[in-house]
Amino acid sequence: MASDNGAKSKIGLVGLGVMGENLALNIERNGFKISIFNRSHDKVVDFVEGRGKGKNVVGCPDEKSFVESLETPRKIILLVKAGDAVDQTIAKLKPYLEKGDIIIDGGNSFYLDTQKREAALAQDGLRFVGSGVSGGEEGALWGPSLMPGGDKSGYAEVQPIWEAISAHVDKSPCCTYLGPDGAGHFVKMVHNGIEYGDMQLIAEVYDVLRKAHGLSAPAIAEVFTTWNKGLLDSFLIEITAKILTVTDPETSKPLVDLILDKAGQKGTGKWTSEAALELGIPVPTIDAALTGRVLSSLKDERVKASSKFARVAKDLASAPVADKALIDHLEKALYASKVCSYAQGMALIKAGSDHYKWGINLSECARIWRGGCIIRAQLLERIRQAFDRNKDLPNLLMDDDFANWMMDSHQSLRKVVCQAQMMGIPVPALSASLAYFDSYRSENLPQNLTQAQRDFFGAHTYERVDKPNGGFVHTEWADLIKQEKVGAAK
């Protein structure tokens, strides 16, 4: 089913879901002949005779003909479901591959799996690139953000194609080599965790606008449209404004008001939280977003609970607050909470990079996220500049630009969180961002008591502030308490 002469294809792609089809069209449009293969051959036929008709696309009926249609070293993109499907696909291709050939996993694979796959394939002389791909269906077709890691020489072979098909901002491709083995998929995982946080923060602000301010969906759309022209300019704010303008053709009501409030997830948010726990990095905004989705799934329980606790709703009932100043506070609160969320995500990438010795450039992460991906936003340019100023910045909040912003805007975040909590509107991610900021800026936290408790019941030891070089010590708390009692009795 070749669509031109017998010249071999520059690259191949396995997996013709919507993302696969769109990425294949993107590659072909940018001047690279591509071979395609899918487990179900009907999809190959449909694509070649449909969307790929007249294009420089070769449809292949089996793994052998697919591999043989590619120029060497062969470059093969996998866009199949993460997990076993990746391993099964590799196993079916391997008999036809030769040393030096390159497999690129473009799915949302777990970074530890990517590490294992690269090491295993290297033993057979095969090169493996784990590349995050962000931007959804539209991004895949017209220019995604690409986050490759793995075999560096393998990526060098793929680089001209990857840079050509990626989104471009300021004439710069939203694509960069991030580091060995699982670096690319780790960065994509954290990207998705930040995405969870962004979406939850926006949803909470939407909830405050409708419940505390009594605004309709079209009115909230106007607010988001205005915000998208300023500091909050971003893809997610833009599509939120658009979503809120859509009317259901059946009922003439805002369509968003008819959507069941149960959010799904595909696992990358959970992976982010798990990785953060393993590496000892706090990501409370992302954790809150993940918990928010889990809680939303308990719809039947929540309906029953709303009835059981109806008196609470009456206790908190109050008239909506039609105050333009408070809406302005919401804008600043959303931006401040996003800064805290990104600070958490970037700190996690740094920790992962340090732990696995990947050498990830945080400025480059922010740069390639400015276009194509779901979290693209004006904010990312400020983040890029912050890490350009100091590549060893321990936390985004320590950058002077962001520190000054938080000092000027934290009161708005406090007002919004207070208003929401006094009205019984759950804002877990906004609250988590505020708590993260307050905890991070606190010289003293109450974990001195936590350490005392741990030492009391488990002899876990602690360090003394008045003896900084004294090491860890243990106190016989029961003996001291007895002495106190004896002293009091005398």
# chains A, B, ... in the order shown; residues from 1 in each chain; ligands from 1

call {"tool": "residues_around", "arguments": {"residues": "Leu290 (chain A)", "least_positions_apart": "6", "cutoff": "7 Å", "atoms": "only C-alpha atoms", "output": "list in words"}}
result
Tyr196, Gly269 and Lys270 of chain A

call {"tool": "write_last_selection", "arguments": {"atoms": "N, CA, C and O atoms", "output": "PDB file, in the first residue's frame"}}
result
ATOM      1  N   TYR A 196      -2.890  18.126  36.314  1.00  0.00           N
ATOM      2  CA  TYR A 196      -3.935  17.791  37.296  1.00  0.00           C
ATOM      3  C   TYR A 196      -4.173  18.989  38.222  1.00  0.00           C
ATOM      4  O   TYR A 196      -5.317  19.363  38.494  1.00  0.00           O
ATOM      5  N   GLY A 269      -1.243  11.113  37.282  1.00  0.00           N
ATOM      6  CA  GLY A 269      -1.301  11.948  38.474  1.00  0.00           C
ATOM      7  C   GLY A 269      -0.904  11.155  39.706  1.00  0.00           C
ATOM      8  O   GLY A 269      -0.137  11.639  40.553  1.00  0.00           O
ATOM      9  N   LYS A 270      -1.390   9.928  39.792  1.00  0.00           N
ATOM     10  CA  LYS A 270      -1.039   9.058  40.914  1.00  0.00           C
ATOM     11  C   LYS A 270       0.457   8.764  40.904  1.00  0.00           C
ATOM     12  O   LYS A 270       1.108   8.786  41.947  1.00  0.00           O
TER      13      LYS A 270
END

call {"tool": "residues_around", "arguments": {"residues": "Ser337 (chain A)", "least_positions_apart": "4", "cutoff": "10 Å", "atoms": "only C-alpha atoms", "output": "PDB file with all heavy atoms, in the first residue's frame"}}
result
ATOM      1  N   GLY A 197      -3.055  19.549  38.744  1.00  0.00           N
ATOM      2  CA  GLY A 197      -3.172  20.676  39.661  1.00  0.00           C
ATOM      3  C   GLY A 197      -3.829  21.871  39.008  1.00  0.00           C
ATOM      4  O   GLY A 197      -4.720  22.505  39.583  1.00  0.00           O
ATOM      5  N   ASP A 198      -3.394  22.220  37.795  1.00  0.00           N
ATOM      6  CA  ASP A 198      -3.964  23.355  37.065  1.00  0.00           C
ATOM      7  C   ASP A 198      -5.472  23.196  36.884  1.00  0.00           C
ATOM      8  O   ASP A 198      -6.251  24.131  37.104  1.00  0.00           O
ATOM      9  CB  ASP A 198      -3.305  23.459  35.679  1.00  0.00           C
ATOM     10  CG  ASP A 198      -2.142  24.436  35.666  1.00  0.00           C
ATOM     11  OD1 ASP A 198      -1.788  24.946  36.738  1.00  0.00           O
ATOM     12  OD2 ASP A 198      -1.594  24.685  34.581  1.00  0.00           O
ATOM     13  N   LEU A 201      -7.355  23.584  40.216  1.00  0.00           N
ATOM     14  CA  LEU A 201      -7.383  24.983  40.657  1.00  0.00           C
ATOM     15  C   LEU A 201      -8.403  25.791  39.855  1.00  0.00           C
ATOM     16  O   LEU A 201      -9.172  26.582  40.421  1.00  0.00           O
ATOM     17  CB  LEU A 201      -5.992  25.606  40.503  1.00  0.00           C
ATOM     18  CG  LEU A 201      -4.918  25.097  41.477  1.00  0.00           C
ATOM     19  CD1 LEU A 201      -3.532  25.539  41.022  1.00  0.00           C
ATOM     20  CD2 LEU A 201      -5.198  25.583  42.892  1.00  0.00           C
ATOM     21  N   THR A 285      -0.442  20.451  46.198  1.00  0.00           N
ATOM     22  CA  THR A 285      -1.459  20.898  45.245  1.00  0.00           C
ATOM     23  C   THR A 285      -1.814  19.765  44.288  1.00  0.00           C
ATOM     24  O   THR A 285      -2.991  19.525  43.985  1.00  0.00           O
ATOM     25  CB  THR A 285      -0.973  22.127  44.460  1.00  0.00           C
ATOM     26  OG1 THR A 285      -0.531  23.134  45.386  1.00  0.00           O
ATOM     27  CG2 THR A 285      -2.100  22.698  43.598  1.00  0.00           C
ATOM     28  N   LYS A 332      -5.809  36.917  41.094  1.00  0.00           N
ATOM     29  CA  LYS A 332      -4.487  36.871  41.709  1.00  0.00           C
ATOM     30  C   LYS A 332      -4.291  35.579  42.501  1.00  0.00           C
ATOM     31  O   LYS A 332      -3.196  34.997  42.511  1.00  0.00           O
ATOM     32  CB  LYS A 332      -4.286  38.092  42.621  1.00  0.00           C
ATOM     33  CG  LYS A 332      -4.259  39.412  41.876  1.00  0.00           C
ATOM     34  CD  LYS A 332      -4.093  40.592  42.823  1.00  0.00           C
ATOM     35  CE  LYS A 332      -2.683  40.698  43.339  1.00  0.00           C
ATOM     36  NZ  LYS A 332      -2.485  41.941  44.141  1.00  0.00           N
ATOM     37  N   ALA A 333      -5.368  35.108  43.142  1.00  0.00           N
ATOM     38  CA  ALA A 333      -5.284  33.876  43.922  1.00  0.00           C
ATOM     39  C   ALA A 333      -4.992  32.679  43.027  1.00  0.00           C
ATOM     40  O   ALA A 333      -4.195  31.804  43.375  1.00  0.00           O
ATOM     41  CB  ALA A 333      -6.592  33.647  44.683  1.00  0.00           C
ATOM     42  N   SER A 341       2.037  25.518  42.662  1.00  0.00           N
ATOM     43  CA  SER A 341       1.923  24.200  42.049  1.00  0.00           C
ATOM     44  C   SER A 341       3.118  23.924  41.132  1.00  0.00           C
ATOM     45  O   SER A 341       3.713  22.834  41.163  1.00  0.00           O
ATOM     46  CB  SER A 341       0.616  24.106  41.249  1.00  0.00           C
ATOM     47  OG  SER A 341       0.463  22.824  40.676  1.00  0.00           O
ATOM     48  N   TYR A 342       3.493  24.901  40.313  1.00  0.00           N
ATOM     49  CA  TYR A 342       4.646  24.734  39.432  1.00  0.00           C
ATOM     50  C   TYR A 342       5.937  24.629  40.236  1.00  0.00           C
ATOM     51  O   TYR A 342       6.850  23.891  39.851  1.00  0.00           O
ATOM     52  CB  TYR A 342       4.745  25.889  38.436  1.00  0.00           C
ATOM     53  CG  TYR A 342       3.869  25.722  37.221  1.00  0.00           C
ATOM     54  CD1 TYR A 342       2.502  25.998  37.274  1.00  0.00           C
ATOM     55  CD2 TYR A 342       4.395  25.269  36.017  1.00  0.00           C
ATOM     56  CE1 TYR A 342       1.678  25.832  36.174  1.00  0.00           C
ATOM     57  CE2 TYR A 342       3.585  25.098  34.901  1.00  0.00           C
ATOM     58  CZ  TYR A 342       2.233  25.385  34.981  1.00  0.00           C
ATOM     59  OH  TYR A 342       1.426  25.214  33.884  1.00  0.00           O
ATOM     60  N   ALA A 343       6.012  25.349  41.351  1.00  0.00           N
ATOM     61  CA  ALA A 343       7.191  25.243  42.218  1.00  0.00           C
ATOM     62  C   ALA A 343       7.348  23.808  42.705  1.00  0.00           C
ATOM     63  O   ALA A 343       8.463  23.265  42.737  1.00  0.00           O
ATOM     64  CB  ALA A 343       7.065  26.204  43.398  1.00  0.00           C
ATOM     65  N   MET A 406       4.605  36.633  45.135  1.00  0.00           N
ATOM     66  CA  MET A 406       3.883  35.983  46.232  1.00  0.00           C
ATOM     67  C   MET A 406       3.682  36.946  47.399  1.00  0.00           C
ATOM     68  O   MET A 406       2.629  36.921  48.052  1.00  0.00           O
ATOM     69  CB  MET A 406       4.642  34.733  46.687  1.00  0.00           C
ATOM     70  CG  MET A 406       4.648  33.601  45.674  1.00  0.00           C
ATOM     71  SD  MET A 406       2.987  33.028  45.185  1.00  0.00           S
ATOM     72  CE  MET A 406       2.330  32.448  46.751  1.00  0.00           C
ATOM     73  N   SER A 409       0.748  39.086  46.439  1.00  0.00           N
ATOM     74  CA  SER A 409      -0.538  38.473  46.093  1.00  0.00           C
ATOM     75  C   SER A 409      -1.067  37.450  47.102  1.00  0.00           C
ATOM     76  O   SER A 409      -2.200  36.989  46.961  1.00  0.00           O
ATOM     77  CB  SER A 409      -0.427  37.793  44.722  1.00  0.00           C
ATOM     78  OG  SER A 409       0.520  36.746  44.759  1.00  0.00           O
ATOM     79  N   HIS A 410      -0.277  37.101  48.108  1.00  0.00           N
ATOM     80  CA  HIS A 410      -0.733  36.059  49.035  1.00  0.00           C
ATOM     81  C   HIS A 410      -2.013  36.446  49.764  1.00  0.00           C
ATOM     82  O   HIS A 410      -2.839  35.588  50.108  1.00  0.00           O
ATOM     83  CB  HIS A 410       0.379  35.701  50.038  1.00  0.00           C
ATOM     84  CG  HIS A 410       0.630  36.754  51.070  1.00  0.00           C
ATOM     85  ND1 HIS A 410       0.081  36.715  52.331  1.00  0.00           N
ATOM     86  CD2 HIS A 410       1.382  37.890  51.018  1.00  0.00           C
ATOM     87  CE1 HIS A 410       0.470  37.768  53.023  1.00  0.00           C
ATOM     88  NE2 HIS A 410       1.269  38.502  52.250  1.00  0.00           N
ATOM     89  N   LEU A 413      -4.998  35.293  47.846  1.00  0.00           N
ATOM     90  CA  LEU A 413      -5.223  33.859  48.005  1.00  0.00           C
ATOM     91  C   LEU A 413      -5.865  33.568  49.354  1.00  0.00           C
ATOM     92  O   LEU A 413      -6.785  32.734  49.454  1.00  0.00           O
ATOM     93  CB  LEU A 413      -3.887  33.108  47.859  1.00  0.00           C
ATOM     94  CG  LEU A 413      -3.926  31.582  47.947  1.00  0.00           C
ATOM     95  CD1 LEU A 413      -4.948  30.980  47.000  1.00  0.00           C
ATOM     96  CD2 LEU A 413      -2.539  31.002  47.668  1.00  0.00           C
ATOM     97  N   ALA A 429      -7.252  22.339  46.503  1.00  0.00           N
ATOM     98  CA  ALA A 429      -6.000  22.673  45.827  1.00  0.00           C
ATOM     99  C   ALA A 429      -5.564  24.105  46.128  1.00  0.00           C
ATOM    100  O   ALA A 429      -4.379  24.380  46.330  1.00  0.00           O
ATOM    101  CB  ALA A 429      -6.131  22.455  44.321  1.00  0.00           C
ATOM    102  N   LEU A 430      -6.522  25.041  46.143  1.00  0.00           N
ATOM    103  CA  LEU A 430      -6.191  26.413  46.533  1.00  0.00           C
ATOM    104  C   LEU A 430      -5.658  26.437  47.959  1.00  0.00           C
ATOM    105  O   LEU A 430      -4.652  27.101  48.251  1.00  0.00           O
ATOM    106  CB  LEU A 430      -7.428  27.313  46.418  1.00  0.00           C
ATOM    107  CG  LEU A 430      -7.896  27.662  45.003  1.00  0.00           C
ATOM    108  CD1 LEU A 430      -9.312  28.234  45.040  1.00  0.00           C
ATOM    109  CD2 LEU A 430      -6.951  28.653  44.335  1.00  0.00           C
ATOM    110  N   SER A 431      -6.314  25.698  48.852  1.00  0.00           N
ATOM    111  CA  SER A 431      -5.875  25.638  50.252  1.00  0.00           C
ATOM    112  C   SER A 431      -4.491  25.001  50.356  1.00  0.00           C
ATOM    113  O   SER A 431      -3.649  25.444  51.149  1.00  0.00           O
ATOM    114  CB  SER A 431      -6.880  24.830  51.083  1.00  0.00           C
ATOM    115  OG  SER A 431      -8.169  25.396  51.037  1.00  0.00           O
ATOM    116  N   ALA A 432      -4.261  23.957  49.560  1.00  0.00           N
ATOM    117  CA  ALA A 432      -2.970  23.265  49.600  1.00  0.00           C
ATOM    118  C   ALA A 432      -1.844  24.172  49.118  1.00  0.00           C
ATOM    119  O   ALA A 432      -0.735  24.152  49.665  1.00  0.00           O
ATOM    120  CB  ALA A 432      -3.033  22.001  48.754  1.00  0.00           C
ATOM    121  N   SER A 433      -2.116  24.974  48.089  1.00  0.00           N
ATOM    122  CA  SER A 433      -1.095  25.906  47.605  1.00  0.00           C
ATOM    123  C   SER A 433      -0.744  26.930  48.675  1.00  0.00           C
ATOM    124  O   SER A 433       0.434  27.239  48.897  1.00  0.00           O
ATOM    125  CB  SER A 433      -1.598  26.626  46.344  1.00  0.00           C
ATOM    126  OG  SER A 433      -1.549  25.781  45.218  1.00  0.00           O
ATOM    127  N   LEU A 434      -1.775  27.438  49.348  1.00  0.00           N
ATOM    128  CA  LEU A 434      -1.538  28.420  50.412  1.00  0.00           C
ATOM    129  C   LEU A 434      -0.756  27.789  51.560  1.00  0.00           C
ATOM    130  O   LEU A 434       0.199  28.380  52.081  1.00  0.00           O
ATOM    131  CB  LEU A 434      -2.869  28.982  50.914  1.00  0.00           C
ATOM    132  CG  LEU A 434      -2.782  29.996  52.060  1.00  0.00           C
ATOM    133  CD1 LEU A 434      -1.908  31.188  51.665  1.00  0.00           C
ATOM    134  CD2 LEU A 434      -4.178  30.465  52.460  1.00  0.00           C
ATOM    135  N   TYR A 436       1.214  25.244  51.398  1.00  0.00           N
ATOM    136  CA  TYR A 436       2.582  24.982  50.926  1.00  0.00           C
ATOM    137  C   TYR A 436       3.422  26.253  51.051  1.00  0.00           C
ATOM    138  O   TYR A 436       4.563  26.200  51.553  1.00  0.00           O
ATOM    139  CB  TYR A 436       2.533  24.521  49.471  1.00  0.00           C
ATOM    140  CG  TYR A 436       3.886  24.289  48.840  1.00  0.00           C
ATOM    141  CD1 TYR A 436       4.602  23.126  49.093  1.00  0.00           C
ATOM    142  CD2 TYR A 436       4.450  25.238  47.975  1.00  0.00           C
ATOM    143  CE1 TYR A 436       5.845  22.899  48.503  1.00  0.00           C
ATOM    144  CE2 TYR A 436       5.685  25.019  47.381  1.00  0.00           C
ATOM    145  CZ  TYR A 436       6.382  23.858  47.646  1.00  0.00           C
ATOM    146  OH  TYR A 436       7.604  23.645  47.067  1.00  0.00           O
ATOM    147  N   PHE A 437       2.873  27.374  50.616  1.00  0.00           N
ATOM    148  CA  PHE A 437       3.591  28.644  50.698  1.00  0.00           C
ATOM    149  C   PHE A 437       3.897  28.996  52.153  1.00  0.00           C
ATOM    150  O   PHE A 437       5.035  29.343  52.500  1.00  0.00           O
ATOM    151  CB  PHE A 437       2.766  29.755  50.052  1.00  0.00           C
ATOM    152  CG  PHE A 437       3.319  31.146  50.259  1.00  0.00           C
ATOM    153  CD1 PHE A 437       4.548  31.501  49.713  1.00  0.00           C
ATOM    154  CD2 PHE A 437       2.628  32.082  51.016  1.00  0.00           C
ATOM    155  CE1 PHE A 437       5.077  32.783  49.911  1.00  0.00           C
ATOM    156  CE2 PHE A 437       3.151  33.358  51.215  1.00  0.00           C
ATOM    157  CZ  PHE A 437       4.374  33.703  50.663  1.00  0.00           C
TER     158      PHE A 437
END

call {"tool": "residues_around", "arguments": {"residues": "Leu79 (chain A)", "least_positions_apart": "2", "cutoff": "9 Å", "atoms": "only C-alpha atoms", "output": "JSON, numbers by chain"}}
result
{"A": [13, 14, 15, 16, 17, 19, 20, 77, 81, 82, 86, 104, 105, 106, 107, 108]}

call {"tool": "closest_residue", "arguments": {"among": "A:His213, A:Ser145, A:Gly280, A:Ile375", "to": "Glu238 (chain A)", "atoms": "only C-alpha atoms"}}
result
A:Ile375

call {"tool": "residues_around", "arguments": {"residues": "region 48-61 of chain A", "least_positions_apart": "3", "cutoff": "9 Å", "atoms": "only C-alpha atoms", "output": "PyMOL selection string"}}
result
chain A and resi 1-4+9+12+21+24-25+28-29+31-41+43-45+64-67+69

call {"tool": "closest_residue", "arguments": {"among": "A:Met398, A:Gln447, A:Leu379, A:Leu23", "to": "Glu137 (chain A)", "atoms": "only C-alpha atoms"}}
result
A:Leu23

call {"tool": "residues_around", "arguments": {"residues": "His460 (chain A)", "least_positions_apart": "3", "cutoff": "12 Å", "atoms": "only C-alpha atoms", "output": "PyMOL selection string"}}
result
chain A and resi 450-457+463+472-476

call {"tool": "select_by_dssp", "arguments": {"residues": "region 96-280 of chain A", "states": "strand (DSSP E)", "output": "PyMOL selection string"}}
result
chain A and resi 102-105+127-134+145-150+168-169+172-173

call {"tool": "write_last_selection", "arguments": {"atoms": "all heavy atoms", "output": "compact mmCIF listing (two decimals), in the first residue's frame"}}
result
# COMPACT_ATOMS: atom_id res chain seq x y z
N ILE A 102 16.33 1.86 16.35
CA ILE A 102 15.84 2.73 17.43
C ILE A 102 14.34 2.55 17.62
O ILE A 102 13.57 2.63 16.66
CB ILE A 102 16.13 4.21 17.10
CG1 ILE A 102 17.61 4.42 16.82
CG2 ILE A 102 15.65 5.12 18.22
CD1 ILE A 102 17.90 5.55 15.87
N ILE A 103 13.93 2.32 18.86
CA ILE A 103 12.51 2.28 19.20
C ILE A 103 12.21 3.50 20.05
O ILE A 103 12.92 3.79 21.03
CB ILE A 103 12.17 0.99 19.98
CG1 ILE A 103 12.38 -0.24 19.10
CG2 ILE A 103 10.72 1.04 20.48
CD1 ILE A 103 12.19 -1.56 19.83
N ILE A 104 11.16 4.22 19.69
CA ILE A 104 10.74 5.43 20.43
C ILE A 104 9.38 5.17 21.04
O ILE A 104 8.39 4.98 20.32
CB ILE A 104 10.66 6.66 19.51
CG1 ILE A 104 11.95 6.85 18.71
CG2 ILE A 104 10.33 7.92 20.31
CD1 ILE A 104 11.79 6.60 17.24
N ASP A 105 9.31 5.13 22.36
CA ASP A 105 8.03 4.95 23.04
C ASP A 105 7.41 6.33 23.28
O ASP A 105 7.87 7.08 24.13
CB ASP A 105 8.23 4.21 24.36
CG ASP A 105 6.92 4.00 25.13
OD1 ASP A 105 5.85 4.33 24.59
OD2 ASP A 105 6.99 3.50 26.27
N ARG A 127 18.61 0.62 20.39
CA ARG A 127 18.54 1.91 21.10
C ARG A 127 17.09 2.26 21.41
O ARG A 127 16.21 2.08 20.57
CB ARG A 127 19.22 2.99 20.26
CG ARG A 127 20.71 2.74 20.08
CD ARG A 127 21.37 3.80 19.23
NE ARG A 127 21.12 3.62 17.80
CZ ARG A 127 21.57 4.44 16.85
NH1 ARG A 127 22.28 5.51 17.19
NH2 ARG A 127 21.32 4.21 15.58
N PHE A 128 16.86 2.76 22.62
CA PHE A 128 15.50 3.03 23.09
C PHE A 128 15.38 4.48 23.54
O PHE A 128 16.21 4.97 24.30
CB PHE A 128 15.15 2.09 24.25
CG PHE A 128 13.69 2.12 24.64
CD1 PHE A 128 12.73 1.54 23.83
CD2 PHE A 128 13.29 2.71 25.83
CE1 PHE A 128 11.39 1.54 24.20
CE2 PHE A 128 11.96 2.72 26.21
CZ PHE A 128 11.00 2.13 25.39
N VAL A 129 14.35 5.15 23.05
CA VAL A 129 14.07 6.54 23.43
C VAL A 129 12.67 6.59 24.03
O VAL A 129 11.70 6.18 23.39
CB VAL A 129 14.15 7.48 22.20
CG1 VAL A 129 13.69 8.89 22.57
CG2 VAL A 129 15.57 7.51 21.65
N GLY A 130 12.57 7.04 25.26
CA GLY A 130 11.26 7.24 25.89
C GLY A 130 10.90 8.70 25.77
O GLY A 130 11.56 9.56 26.36
N SER A 131 9.87 9.01 25.00
CA SER A 131 9.55 10.41 24.72
C SER A 131 8.13 10.75 25.14
O SER A 131 7.17 10.18 24.63
CB SER A 131 9.72 10.71 23.23
OG SER A 131 9.40 12.06 22.95
N GLY A 132 8.00 11.69 26.06
CA GLY A 132 6.69 12.22 26.38
C GLY A 132 6.15 13.01 25.20
O GLY A 132 6.91 13.68 24.49
N VAL A 133 4.85 12.90 24.96
CA VAL A 133 4.19 13.65 23.89
C VAL A 133 2.97 14.32 24.50
O VAL A 133 2.07 13.64 24.99
CB VAL A 133 3.74 12.72 22.73
CG1 VAL A 133 3.01 13.53 21.66
CG2 VAL A 133 4.94 11.99 22.13
N SER A 134 2.94 15.64 24.51
CA SER A 134 1.80 16.35 25.10
C SER A 134 1.17 17.30 24.10
O SER A 134 1.86 17.93 23.30
CB SER A 134 2.24 17.14 26.34
OG SER A 134 1.13 17.85 26.88
N SER A 145 4.29 19.25 22.27
CA SER A 145 5.51 19.43 23.04
C SER A 145 6.09 18.03 23.23
O SER A 145 5.38 17.12 23.62
CB SER A 145 5.20 20.07 24.40
OG SER A 145 6.36 20.09 25.21
N LEU A 146 7.37 17.88 22.92
CA LEU A 146 8.00 16.56 22.95
C LEU A 146 9.10 16.52 24.00
O LEU A 146 9.94 17.43 24.06
CB LEU A 146 8.57 16.22 21.57
CG LEU A 146 7.51 16.12 20.45
CD1 LEU A 146 8.18 16.03 19.08
CD2 LEU A 146 6.61 14.91 20.68
N MET A 147 9.11 15.48 24.80
CA MET A 147 10.02 15.35 25.94
C MET A 147 10.82 14.06 25.85
O MET A 147 10.55 13.09 26.56
CB MET A 147 9.22 15.41 27.24
CG MET A 147 8.54 16.74 27.49
SD MET A 147 7.09 16.64 28.58
CE MET A 147 5.76 16.78 27.38
N PRO A 148 11.81 13.99 24.97
CA PRO A 148 12.56 12.75 24.79
C PRO A 148 13.68 12.54 25.81
O PRO A 148 14.32 13.49 26.26
CB PRO A 148 13.16 12.92 23.38
CG PRO A 148 13.33 14.41 23.24
CD PRO A 148 12.19 15.02 23.98
N GLY A 149 13.87 11.28 26.16
CA GLY A 149 15.00 10.87 26.98
C GLY A 149 15.42 9.49 26.54
O GLY A 149 14.77 8.88 25.69
N GLY A 150 16.48 8.97 27.11
CA GLY A 150 16.92 7.63 26.73
C GLY A 150 18.26 7.66 26.02
O GLY A 150 19.12 8.52 26.31
N HIS A 168 6.35 25.19 17.82
CA HIS A 168 7.46 26.16 17.83
C HIS A 168 6.99 27.45 18.51
O HIS A 168 5.89 27.93 18.24
CB HIS A 168 7.95 26.46 16.42
CG HIS A 168 8.78 25.37 15.83
ND1 HIS A 168 8.28 24.12 15.53
CD2 HIS A 168 10.10 25.35 15.49
CE1 HIS A 168 9.25 23.37 15.03
NE2 HIS A 168 10.36 24.08 14.98
N VAL A 169 7.81 27.97 19.38
CA VAL A 169 7.56 29.25 20.03
C VAL A 169 8.81 30.11 19.86
O VAL A 169 9.92 29.65 20.15
CB VAL A 169 7.24 29.09 21.54
CG1 VAL A 169 7.12 30.45 22.21
CG2 VAL A 169 5.95 28.28 21.73
N SER A 172 11.58 28.55 18.05
CA SER A 172 12.34 27.51 18.74
C SER A 172 11.44 26.28 18.93
O SER A 172 10.29 26.40 19.38
CB SER A 172 12.79 28.03 20.11
OG SER A 172 13.44 27.02 20.85
N PRO A 173 11.94 25.07 18.59
CA PRO A 173 11.11 23.87 18.73
C PRO A 173 10.84 23.53 20.19
O PRO A 173 11.74 23.64 21.03
CB PRO A 173 11.95 22.78 18.06
CG PRO A 173 13.36 23.27 18.17
CD PRO A 173 13.28 24.76 18.06

call {"tool": "closest_residue", "arguments": {"among": "A:Leu380, A:Ala212, A:Val18, A:Leu449", "to": "Tyr335 (chain A)", "atoms": "only C-alpha atoms"}}
result
A:Leu380

call {"tool": "residues_around", "arguments": {"residues": "region 383-396 of chain A", "least_positions_apart": "5", "cutoff": "7 Å", "atoms": "only C-alpha atoms", "output": "list in words"}}
result
Ala343, Ala347, Leu362, Ser363, Ala366, Arg367 and Phe402 of chain A

call {"tool": "write_last_selection", "arguments": {"atoms": "C-alpha atoms", "output": "PDB file, in the first residue's frame"}}
result
ATOM      1  CA  ALA A 343       7.191  25.243  42.218  1.00  0.00           C
ATOM      2  CA  ALA A 347      11.246  20.752  42.610  1.00  0.00           C
ATOM      3  CA  LEU A 362      14.747  22.969  34.303  1.00  0.00           C
ATOM      4  CA  SER A 363      14.878  26.064  32.104  1.00  0.00           C
ATOM      5  CA  ALA A 366       9.783  25.326  30.975  1.00  0.00           C
ATOM      6  CA  ARG A 367      10.805  26.367  27.465  1.00  0.00           C
ATOM      7  CA  PHE A 402       8.298  34.996  42.061  1.00  0.00           C
TER       8      PHE A 402
END

call {"tool": "atom_distance", "arguments": {"atom1": "CA of Ser306 (chain A)", "atom2": "CA of Val427 (chain A)"}}
result
17.0 Å

call {"tool": "residues_around", "arguments": {"residues": "Gln419 (chain A)", "least_positions_apart": "2", "cutoff": "12 Å", "atoms": "only C-alpha atoms", "output": "list in words"}}
result
Val205, Val208, Leu209, Lys211, Ala212, His213, Leu316, Ser318, Pro320, Val321, Leu326, Ile327, His329, Leu330, Ser412, Leu413, Arg414, Lys415, Val416, Val417, Gln421, Met422, Met423, Gly424, Ile425, Pro426, Val427, Leu430 and Ser431 of chain A

call {"tool": "select_by_dssp", "arguments": {"residues": "region 5-235 of chain A", "states": "alpha helix (DSSP H)", "output": "MDAnalysis selection string"}}
result
chainID A and resid 18:29 41:49 63:68 84:93 111:122 136:142 152:165 183:211 217:227 235

call {"tool": "atom_distance", "arguments": {"atom1": "CA of Leu244 (chain A)", "atom2": "CA of Ala313 (chain A)"}}
result
26.1 Å

call {"tool": "closest_residue", "arguments": {"among": "A:Val294, A:Ala336, A:Asn30, A:Ala7", "to": "Asp408 (chain A)", "atoms": "only C-alpha atoms"}}
result
A:Ala336

call {"tool": "closest_residue", "arguments": {"among": "A:Ser252, A:Gln411, A:Asn26, A:Ser442", "to": "Glu163 (chain A)", "atoms": "only C-alpha atoms"}}
result
A:Asn26
